[in-house]
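The structure file my_file29.txt is reproduced below (compact mmCIF, C-alpha atoms).
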```
# COMPACT_ATOMS: atom_id res chain seq x y z
CA MET D 24 -6.40 -1.34 -34.07
CA ARG D 25 -3.08 -0.05 -35.32
CA TYR D 26 -1.46 0.10 -38.72
CA PHE D 27 1.90 0.69 -40.34
CA THR D 28 2.83 1.62 -43.88
CA ALA D 29 6.13 1.02 -45.66
CA GLY D 30 7.61 1.78 -49.04
CA GLU D 31 9.16 4.53 -51.11
CA SER D 32 7.54 6.69 -53.78
CA HIS D 33 9.51 5.08 -56.64
CA GLY D 34 10.31 1.79 -54.90
CA PRO D 35 8.93 -1.63 -55.87
CA GLN D 36 5.73 -1.35 -53.85
CA LEU D 37 3.89 0.19 -50.92
CA THR D 38 2.68 -1.98 -48.05
CA ALA D 39 0.24 -1.56 -45.17
CA ILE D 40 -0.25 -3.88 -42.20
CA ILE D 41 -3.38 -3.53 -40.07
CA GLU D 42 -3.44 -5.31 -36.72
CA GLY D 43 -6.49 -5.51 -34.46
CA LEU D 44 -9.35 -5.85 -36.93
CA PRO D 45 -12.19 -8.08 -35.72
CA ALA D 46 -12.67 -11.45 -37.38
CA ASN D 47 -15.46 -11.97 -39.91
CA LEU D 48 -15.57 -8.44 -41.27
CA LYS D 49 -16.51 -8.82 -44.94
CA LEU D 50 -14.17 -6.79 -47.12
CA ASP D 51 -14.84 -5.76 -50.70
CA ILE D 52 -11.51 -5.24 -52.49
CA ALA D 53 -13.37 -3.48 -55.29
CA GLN D 54 -14.45 -0.83 -52.79
CA ILE D 55 -10.84 -0.38 -51.66
CA ASN D 56 -9.73 0.03 -55.27
CA ALA D 57 -12.55 2.49 -55.89
CA ASP D 58 -11.25 4.64 -53.04
CA MET D 59 -7.73 4.33 -54.44
CA LYS D 60 -9.03 5.62 -57.77
CA ARG D 61 -10.74 8.55 -56.03
CA ARG D 62 -7.38 9.60 -54.59
CA LYS D 63 -5.82 9.55 -58.08
CA GLN D 64 -8.46 11.84 -59.53
CA GLY D 65 -8.92 15.58 -59.34
CA TYR D 66 -8.26 18.56 -61.54
CA GLY D 67 -4.63 19.66 -61.23
CA ARG D 68 -3.03 16.27 -60.66
CA GLY D 69 0.29 15.46 -62.35
CA ALA D 70 1.52 12.82 -64.79
CA ARG D 71 2.27 10.21 -62.09
CA GLN D 72 -1.45 9.49 -61.75
CA LYS D 73 -1.57 8.40 -65.41
CA ILE D 74 1.19 5.84 -64.81
CA GLU D 75 -0.19 4.14 -61.70
CA THR D 76 -3.31 1.98 -61.69
CA ASP D 77 -3.32 1.82 -57.86
CA GLU D 78 -5.04 -1.56 -57.54
CA VAL D 79 -4.18 -3.27 -54.28
CA GLN D 80 -3.56 -6.88 -53.37
CA ILE D 81 -4.48 -8.40 -50.00
CA THR D 82 -1.92 -11.07 -49.19
CA ALA D 83 -2.66 -12.00 -45.56
CA GLY D 84 -5.41 -11.80 -42.96
CA LEU D 85 -8.31 -12.42 -45.33
CA ARG D 86 -9.95 -15.66 -46.44
CA HIS D 87 -12.97 -15.87 -48.72
CA GLN D 88 -13.55 -12.11 -48.27
CA LEU D 89 -13.68 -12.35 -44.45
CA THR D 90 -11.04 -11.04 -42.05
CA LEU D 91 -9.40 -13.67 -39.85
CA GLY D 92 -8.58 -11.47 -36.87
CA SER D 93 -4.90 -11.77 -37.76
CA PRO D 94 -2.88 -8.91 -39.33
CA LEU D 95 -4.24 -7.79 -42.68
CA VAL D 96 -1.56 -7.08 -45.30
CA ILE D 97 -2.30 -4.77 -48.23
CA GLN D 98 0.24 -4.34 -51.02
CA LEU D 99 0.35 -1.84 -53.86
CA PRO D 100 2.91 -2.27 -56.67
CA ASN D 101 4.47 0.95 -57.98
CA LYS D 102 4.32 0.71 -61.76
CA ASP D 103 6.67 3.69 -62.07
CA PHE D 104 9.36 1.51 -60.46
CA ALA D 105 9.98 0.16 -63.96
CA HIS D 106 11.63 3.50 -64.75
CA TRP D 107 13.59 3.56 -61.48
CA GLN D 108 14.76 -0.04 -61.01
CA SER D 109 18.46 0.80 -61.05
CA VAL D 110 18.21 4.03 -59.04
CA MET D 111 15.87 2.55 -56.41
CA SER D 112 17.12 -1.05 -56.28
CA PRO D 113 16.83 -2.43 -52.74
CA THR D 114 19.63 -4.97 -53.22
CA ASP D 115 22.19 -3.66 -55.74
CA PRO D 116 25.19 -1.78 -54.30
CA ALA D 117 25.50 1.93 -55.09
CA THR D 118 27.55 2.67 -58.20
CA PRO D 119 28.21 5.83 -60.22
CA GLU D 120 25.80 4.48 -62.83
CA ASN D 121 22.83 4.00 -60.47
CA SER D 122 23.47 7.14 -58.42
CA VAL D 123 22.89 9.64 -61.21
CA ARG D 124 19.60 11.04 -59.86
CA GLN D 125 20.90 12.27 -56.54
CA VAL D 126 19.15 15.22 -54.90
CA THR D 127 21.49 17.71 -53.23
CA LYS D 128 19.44 20.92 -53.56
CA PRO D 129 16.64 20.73 -50.95
CA ARG D 130 13.22 22.11 -51.79
CA PRO D 131 11.83 24.75 -49.40
CA GLY D 132 8.69 23.46 -47.70
CA HIS D 133 9.66 19.80 -48.09
CA ALA D 134 11.28 17.41 -45.61
CA ASP D 135 14.44 17.30 -47.78
CA LEU D 136 16.92 19.39 -45.79
CA VAL D 137 15.79 18.63 -42.25
CA GLY D 138 15.43 14.93 -43.03
CA GLY D 139 18.94 14.85 -44.47
CA MET D 140 20.34 16.61 -41.41
CA LYS D 141 18.51 14.30 -38.99
CA TYR D 142 19.38 11.00 -40.68
CA GLN D 143 22.77 12.08 -42.08
CA HIS D 144 21.80 11.39 -45.68
CA GLN D 145 24.09 12.80 -48.36
CA ASP D 146 21.53 12.09 -51.10
CA LEU D 147 18.25 13.76 -50.22
CA ARG D 148 16.38 11.31 -52.45
CA ASN D 149 16.53 9.03 -49.38
CA VAL D 150 14.28 11.60 -47.67
CA LEU D 151 11.90 12.62 -50.41
CA GLU D 152 11.16 9.04 -51.47
CA ARG D 153 9.49 8.34 -48.12
CA SER D 154 8.22 11.82 -47.25
CA SER D 155 6.42 11.95 -50.60
CA ALA D 156 2.62 12.08 -50.50
CA ARG D 157 2.68 8.84 -52.50
CA GLU D 158 2.62 7.15 -49.08
CA THR D 159 -0.92 8.44 -48.51
CA ALA D 160 -2.15 5.89 -51.03
CA MET D 161 -1.75 3.26 -48.34
CA ARG D 162 -3.55 5.39 -45.77
CA VAL D 163 -6.46 5.59 -48.19
CA ALA D 164 -6.40 1.78 -48.47
CA VAL D 165 -6.39 1.41 -44.68
CA GLY D 166 -9.11 4.05 -44.45
CA SER D 167 -11.24 2.14 -46.94
CA VAL D 168 -11.03 -0.93 -44.71
CA ALA D 169 -12.00 1.25 -41.74
CA LYS D 170 -14.95 2.69 -43.67
CA GLN D 171 -16.23 -0.80 -44.43
CA LEU D 172 -16.12 -1.56 -40.70
CA LEU D 173 -17.95 1.69 -39.92
CA GLN D 174 -20.58 1.03 -42.59
CA VAL D 175 -21.63 -2.16 -40.80
CA LEU D 176 -22.25 0.00 -37.72
CA GLY D 177 -24.20 2.66 -39.61
CA ILE D 178 -21.44 5.30 -39.69
CA ASP D 179 -20.72 7.20 -42.90
CA VAL D 180 -17.72 9.47 -43.65
CA LEU D 181 -17.21 11.90 -46.54
CA GLY D 182 -14.41 14.31 -47.44
CA PHE D 183 -14.80 17.13 -49.97
CA VAL D 184 -13.37 20.51 -51.01
CA ARG D 185 -14.37 23.92 -49.70
CA GLN D 186 -11.69 26.08 -51.30
CA ILE D 187 -8.81 25.92 -53.78
CA GLY D 188 -6.56 28.96 -53.89
CA PRO D 189 -8.78 32.07 -53.87
CA ALA D 190 -11.89 30.23 -55.11
CA ALA D 191 -14.17 29.32 -52.18
CA ALA D 192 -17.49 27.46 -52.18
CA ASP D 193 -20.59 29.07 -50.70
CA GLN D 194 -20.95 27.28 -47.35
CA THR D 195 -24.64 28.16 -47.07
CA LYS D 196 -25.31 25.70 -49.91
CA LEU D 197 -24.33 22.75 -47.68
CA ALA D 198 -27.68 23.03 -45.92
CA THR D 199 -29.46 22.14 -49.16
CA PHE D 200 -28.16 18.56 -48.97
CA LYS D 201 -30.42 16.54 -46.70
CA THR D 202 -28.20 13.44 -46.45
CA LEU D 203 -24.53 12.61 -46.76
CA ALA D 204 -25.45 10.38 -49.70
CA ASP D 205 -26.87 13.40 -51.55
CA LEU D 206 -23.75 15.42 -50.80
CA ARG D 207 -21.53 12.54 -51.94
CA ALA D 208 -23.35 12.30 -55.27
CA LYS D 209 -22.65 15.98 -55.87
CA THR D 210 -19.01 16.12 -54.77
CA GLU D 211 -17.99 12.88 -56.45
CA ALA D 212 -19.36 14.19 -59.76
CA SER D 213 -17.12 17.27 -59.49
CA VAL D 214 -13.55 17.22 -60.88
CA VAL D 215 -12.52 19.40 -57.93
CA ARG D 216 -14.68 17.44 -55.45
CA THR D 217 -16.77 20.44 -54.41
CA PHE D 218 -20.50 20.84 -53.77
CA ASP D 219 -20.81 24.32 -55.28
CA THR D 220 -21.22 24.05 -59.06
CA GLN D 221 -20.89 27.80 -59.56
CA VAL D 222 -17.44 27.99 -57.99
CA GLU D 223 -16.09 24.89 -59.78
CA THR D 224 -15.23 26.92 -62.88
CA ALA D 225 -13.34 29.45 -60.76
CA MET D 226 -11.40 26.67 -59.04
CA LYS D 227 -10.36 25.17 -62.38
CA ALA D 228 -9.35 28.59 -63.69
CA ALA D 229 -7.20 29.23 -60.62
CA ILE D 230 -5.49 25.85 -61.11
CA ASP D 231 -4.88 26.57 -64.79
CA GLN D 232 -3.38 29.96 -63.98
CA ALA D 233 -1.09 28.51 -61.31
CA LYS D 234 0.07 25.73 -63.64
CA LYS D 235 0.88 28.24 -66.37
CA ALA D 236 2.94 30.24 -63.88
CA GLY D 237 4.81 27.15 -62.66
CA ASP D 238 3.18 27.61 -59.26
CA THR D 239 0.97 25.53 -56.96
CA LEU D 240 -2.19 26.00 -54.91
CA GLY D 241 -3.44 24.85 -51.53
CA GLY D 242 -6.94 24.94 -50.15
CA ILE D 243 -9.44 23.92 -47.50
CA ILE D 244 -11.16 20.55 -47.21
CA GLN D 245 -14.06 19.44 -45.04
CA VAL D 246 -14.95 16.04 -43.60
CA ILE D 247 -18.34 15.04 -42.20
CA ALA D 248 -19.11 11.81 -40.34
CA THR D 249 -22.69 10.82 -39.53
CA GLY D 250 -24.14 8.05 -37.37
CA VAL D 251 -21.46 8.47 -34.68
CA PRO D 252 -22.88 7.81 -31.19
CA ALA D 253 -22.13 9.95 -28.18
CA GLY D 254 -19.31 8.92 -25.86
CA LEU D 255 -16.41 7.97 -28.13
CA GLY D 256 -13.21 9.34 -26.63
CA SER D 257 -12.89 10.47 -23.03
CA TYR D 258 -12.48 13.56 -20.87
CA VAL D 259 -10.40 11.81 -18.18
CA SER D 260 -6.97 12.31 -19.74
CA ALA D 261 -5.73 14.72 -22.39
CA ASP D 262 -4.36 12.00 -24.67
CA ARG D 263 -7.72 10.19 -24.71
CA LYS D 264 -9.65 13.16 -26.12
CA LEU D 265 -10.88 11.97 -29.50
CA ASP D 266 -10.94 15.39 -31.13
CA GLY D 267 -7.26 15.74 -30.19
CA GLN D 268 -6.49 12.35 -31.73
CA LEU D 269 -8.41 13.29 -34.85
CA ALA D 270 -6.62 16.62 -35.13
CA GLN D 271 -3.27 14.81 -34.98
CA ALA D 272 -4.41 12.34 -37.64
CA ILE D 273 -5.42 15.15 -39.99
CA VAL D 274 -2.36 17.35 -39.46
CA GLY D 275 -0.24 14.21 -39.96
CA ILE D 276 -1.31 14.22 -43.63
CA ASN D 277 1.35 15.64 -45.94
CA ALA D 278 1.09 19.45 -46.34
CA PHE D 279 -1.75 19.93 -43.83
CA LYS D 280 -1.11 22.90 -41.53
CA GLY D 281 -4.28 23.33 -39.48
CA VAL D 282 -7.57 21.76 -38.45
CA ALA D 283 -10.76 23.06 -36.83
CA PHE D 284 -14.02 21.53 -35.63
CA GLY D 285 -17.51 22.84 -36.23
CA ASP D 286 -17.50 26.61 -36.57
CA GLY D 287 -13.76 26.51 -35.85
CA PHE D 288 -12.00 29.86 -35.68
CA ASP D 289 -15.30 31.67 -36.23
CA LEU D 290 -16.17 30.71 -32.65
CA ALA D 291 -13.87 33.53 -31.53
CA ASP D 292 -16.18 36.09 -33.16
CA HIS D 293 -19.32 35.19 -31.21
CA PRO D 294 -20.44 35.14 -27.56
CA GLY D 295 -20.96 31.79 -25.88
CA SER D 296 -24.72 32.18 -26.09
CA GLU D 297 -24.42 31.78 -29.87
CA ASP D 298 -21.75 29.08 -29.96
CA MET D 299 -23.02 26.29 -27.68
CA ASP D 300 -25.22 23.46 -28.91
CA GLU D 301 -28.28 23.55 -26.65
CA ILE D 302 -29.68 20.27 -25.30
CA PHE D 303 -33.20 18.92 -25.88
CA TYR D 304 -34.97 15.65 -25.09
CA ASP D 305 -37.83 13.51 -26.35
CA ALA D 306 -38.77 9.92 -25.64
CA GLN D 307 -38.19 8.76 -29.23
CA GLN D 308 -34.57 9.80 -29.65
CA GLY D 309 -33.43 10.67 -26.14
CA PHE D 310 -31.14 13.68 -25.75
CA TYR D 311 -30.41 15.64 -28.90
CA ARG D 312 -29.27 19.01 -30.23
CA GLN D 313 -30.54 21.29 -32.96
CA SER D 314 -27.17 22.80 -33.88
CA ASP D 315 -23.61 21.60 -34.37
CA HIS D 316 -21.40 24.62 -33.73
CA LEU D 317 -18.82 22.47 -31.90
CA GLY D 318 -18.49 19.91 -34.69
CA GLY D 319 -19.81 16.90 -32.79
CA PHE D 320 -17.44 17.12 -29.80
CA GLU D 321 -17.75 18.17 -26.17
CA GLY D 322 -15.05 17.51 -23.58
CA GLY D 323 -13.02 15.44 -26.03
CA MET D 324 -15.97 13.10 -26.63
CA THR D 325 -18.44 12.73 -29.45
CA ASN D 326 -21.84 14.15 -28.49
CA GLY D 327 -24.02 12.34 -31.02
CA MET D 328 -24.09 15.12 -33.60
CA PRO D 329 -22.31 14.74 -36.94
CA ILE D 330 -18.56 15.21 -36.73
CA GLU D 331 -17.62 18.19 -38.85
CA LEU D 332 -14.01 19.27 -39.36
CA THR D 333 -12.19 21.55 -41.74
CA ALA D 334 -8.48 21.54 -42.53
CA VAL D 335 -6.10 23.67 -44.54
CA MET D 336 -3.55 22.27 -46.97
CA LYS D 337 -0.60 24.41 -47.95
CA PRO D 338 0.39 24.71 -51.62
CA ILE D 339 2.58 21.83 -52.79
CA PRO D 340 6.20 22.97 -52.31
CA THR D 341 7.53 21.33 -55.49
CA LEU D 342 7.38 24.16 -58.00
CA TYR D 343 8.18 24.09 -61.71
CA LYS D 344 9.40 27.62 -61.10
CA PRO D 345 11.74 26.55 -58.28
CA LEU D 346 12.54 28.58 -55.18
CA ARG D 347 16.01 29.48 -53.93
CA SER D 348 18.00 26.86 -52.05
CA VAL D 349 21.55 25.85 -51.13
CA ASP D 350 23.42 22.75 -52.28
CA ILE D 351 24.17 20.56 -49.24
CA HIS D 352 27.65 19.64 -50.57
CA SER D 353 29.03 22.80 -52.14
CA LYS D 354 27.00 25.17 -49.90
CA LYS D 355 26.45 27.32 -52.98
CA ALA D 356 23.14 29.00 -53.73
CA TYR D 357 21.01 27.23 -56.32
CA GLN D 358 17.42 26.87 -57.38
CA ALA D 359 15.79 23.90 -55.68
CA ASN D 360 15.40 20.53 -57.38
CA VAL D 361 12.28 20.02 -59.49
CA GLU D 362 10.53 16.67 -59.08
CA ARG D 363 7.42 15.73 -61.06
CA SER D 364 4.47 17.11 -59.15
CA ASP D 365 0.86 18.29 -59.14
CA THR D 366 -0.37 21.86 -59.45
CA THR D 367 -2.76 21.08 -56.63
CA ALA D 368 -3.73 17.95 -54.73
CA VAL D 369 -6.55 19.41 -52.65
CA PRO D 370 -9.27 17.15 -54.18
CA ALA D 371 -7.08 14.10 -53.48
CA ALA D 372 -6.27 15.37 -50.00
CA ALA D 373 -9.98 15.39 -49.18
CA VAL D 374 -10.02 11.63 -49.83
CA VAL D 375 -6.98 11.17 -47.56
CA ALA D 376 -8.59 13.23 -44.79
CA GLU D 377 -11.75 11.14 -45.15
CA ALA D 378 -9.61 8.02 -44.72
CA MET D 379 -7.81 9.35 -41.64
CA THR D 380 -11.12 10.30 -40.05
CA ALA D 381 -12.48 6.80 -40.68
CA ILE D 382 -9.33 5.20 -39.26
CA THR D 383 -9.47 7.31 -36.10
CA LEU D 384 -13.17 6.56 -35.53
CA ALA D 385 -12.63 2.85 -36.13
CA GLN D 386 -9.76 2.83 -33.62
CA ALA D 387 -11.94 4.54 -31.01
CA ILE D 388 -14.76 2.04 -31.52
CA LEU D 389 -12.46 -0.99 -31.41
CA GLU D 390 -10.93 0.33 -28.19
CA MET D 391 -14.33 0.82 -26.56
CA PHE D 392 -16.05 -2.40 -27.64
CA ASP D 393 -15.11 -6.06 -28.16
CA ALA D 394 -12.75 -6.11 -31.13
CA ASN D 395 -12.33 -9.86 -31.57
CA ALA D 396 -15.37 -10.78 -33.66
CA MET D 397 -17.61 -8.66 -35.86
CA ALA D 398 -20.94 -10.09 -34.66
CA ARG D 399 -20.06 -9.46 -31.01
CA LEU D 400 -18.84 -5.96 -31.82
CA LYS D 401 -22.05 -5.12 -33.67
CA ALA D 402 -24.22 -6.49 -30.84
CA GLN D 403 -22.35 -4.46 -28.22
CA PHE D 404 -22.46 -1.34 -30.37
CA GLU D 405 -26.23 -1.59 -30.88
CA ALA D 406 -26.77 -2.27 -27.15
CA TYR D 407 -24.72 0.82 -26.32
CA LYS D 408 -26.80 3.01 -28.66
CA ASN D 409 -29.99 1.75 -26.99
CA GLU D 410 -28.46 2.50 -23.60
CA LEU D 411 -27.77 6.08 -24.70
CA LYS D 412 -31.32 6.48 -26.00
CA ASN D 413 -32.78 5.34 -22.68
CA TYR D 414 -30.42 7.37 -20.44
```

Step by step, read the file and then write its structure as structure tokens.
Amino acid sequence: MRYFTAGESHGPQLTAIIEGLPANLKLDIAQINADMKRRKQGYGRGARQKIETDEVQITAGLRHQLTLGSPLVIQLPNKDFAHWQSVMSPTDPATPENSVRQVTKPRPGHADLVGGMKYQHQDLRNVLERSSARETAMRVAVGSVAKQLLQVLGIDVLGFVRQIGPAAADQTKLATFKTLADLRAKTEASVVRTFDTQVETAMKAAIDQAKKAGDTLGGIIQVIATGVPAGLGSYVSADRKLDGQLAQAIVGINAFKGVAFGDGFDLADHPGSEDMDEIFYDAQQGFYRQSDHLGGFEGGMTNGMPIELTAVMKPIPTLYKPLRSVDIHSKKAYQANVERSDTTAVPAAAVVAEAMTAITLAQAILEMFDANAMARLKAQFEAYKNELKNY
């Protein structure tokens, strides 16, 4: 399975094409739109989210709610294009009248300057329109399709927030949630998508303070996937290690600067006797573990425990109190351009990370098992799980 996205932040629409889905996977477009809405929500989001409805259209690869095995095309109209039709017209020639919103003062932390240098753009809007996190809307749509595939196989994925700015949730409270469904009910009811009710007020206060100062905040998100069998990925070559592929998928999200699995960087503080997940066996479930310090991976392969990853998102670099920059034409010092932006997008980023995790797991499964028809895939997947149990 592979996918591509296309489109600009203020262009006519965003598009995703997914190739390699099995035939006869039932897709619920309402579920895709529900995930799109989740990405729009979150305390600290900007005015753009009030303009867009983010309801997708599937225009190819689906008939009577079932995939055909051919490429699936998902389209998302940008309603804000109505305010940008002249500036972002795909077909009209450039004129002084439709070139009035040029960007020549690159924003530190964005792709503006380097993208302009690489592609020889003299208007950095050509860079920011595509490098904008608006593109992640389509990754959430693709991820929602992937989650519906995983659900048929008994795999569940959830992304949520651990920290925004200085306000951090109490990680010991995670153990009080017995199932991912219980955790989802809690985090989805939170405007900052966290599981710790006591820290939610502190997160909102930190966002309010940053907004008042014209500043932005980053944070830490966590993703958990349950029901994943052992053996996805491989140890035989570095590029086939699934945790490496997943790390790339997460860091490939706009503004993400690091990812860790299980206990992550805390593993450096403990001896190996405290960090490894010891192995046990019984006839009912086969081999199992009682801890998950390594986040569900050993040797680049899933080990049957829940996948647990954390990732850090830097503060959004578009500030209403702009940083120093240099005009690419005059070479004079200026304050950077100010584009409409969020104070924080950490709650939304958790939804994007959830989507990228689902996509990566779906790709691994469709590489390992028959990917042509859903019934055959499900039969092979169940047979493989029984094989693992009886090993």

Legend entry - d(atom CA of D:Ala371, atom CA of D:Arg62) in Å: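 Computing the Euclidean distance for atom CA of D:Ala371 and atom CA of D:Arg62 yields 4.6 Å.
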
Inset, instruction - Quick one: everything within 8 Å of stretch 252-263 of chain D, counting all atoms listed in the file, minus sequence neighbours fewer than 3 positions away in the same chain. Send it as a list of chain:residue names. - result: D:Asp266, D:Gly267, D:Gln268, D:Gly322, D:Gly323, D:Met324, D:Thr325, D:Asn326, D:Gly327, D:Met328, D:Ala387, D:Ile388, D:Met391, D:Lys408, D:Leu411

Inset, instruction - Please provide the set of residues having any atom within 6 Å of stretch 330-344 of chain D, restricted to all atoms listed in the file, with same-chain residues fewer than 3 positions apart removed, written as a list in words. - result: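 Counting only the stated atoms, we get Gly132, Gly237, Asp238, Thr239, Leu240, Gly241, Gly242, Ile243, Ile244, Gln245, Val246, Ile247, Ala248, Ala278, Phe279, Lys280, Gly281, Val282, Ala283, Phe284, Gly285, Gly318 and Gly319 of chain D.
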
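Note that atom CA of D:Trp107 and atom CA of D:Thr82 are 24.6 Å apart.
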
Legend entry - Residue among D:Val214, D:Ala117, D:Val123, D:Val374 lying closest to D:Thr159, counting only C-alpha atoms: D:Val374

Inset, instruction - Considering all atoms listed in the file, return as a VMD selection string whatever protein or nucleic-acid residues lie within 8 Å of D:Asp300, sequence-local ones (same chain, fewer than 5 positions apart) excluded. - result: chain D and resid 312 to 317
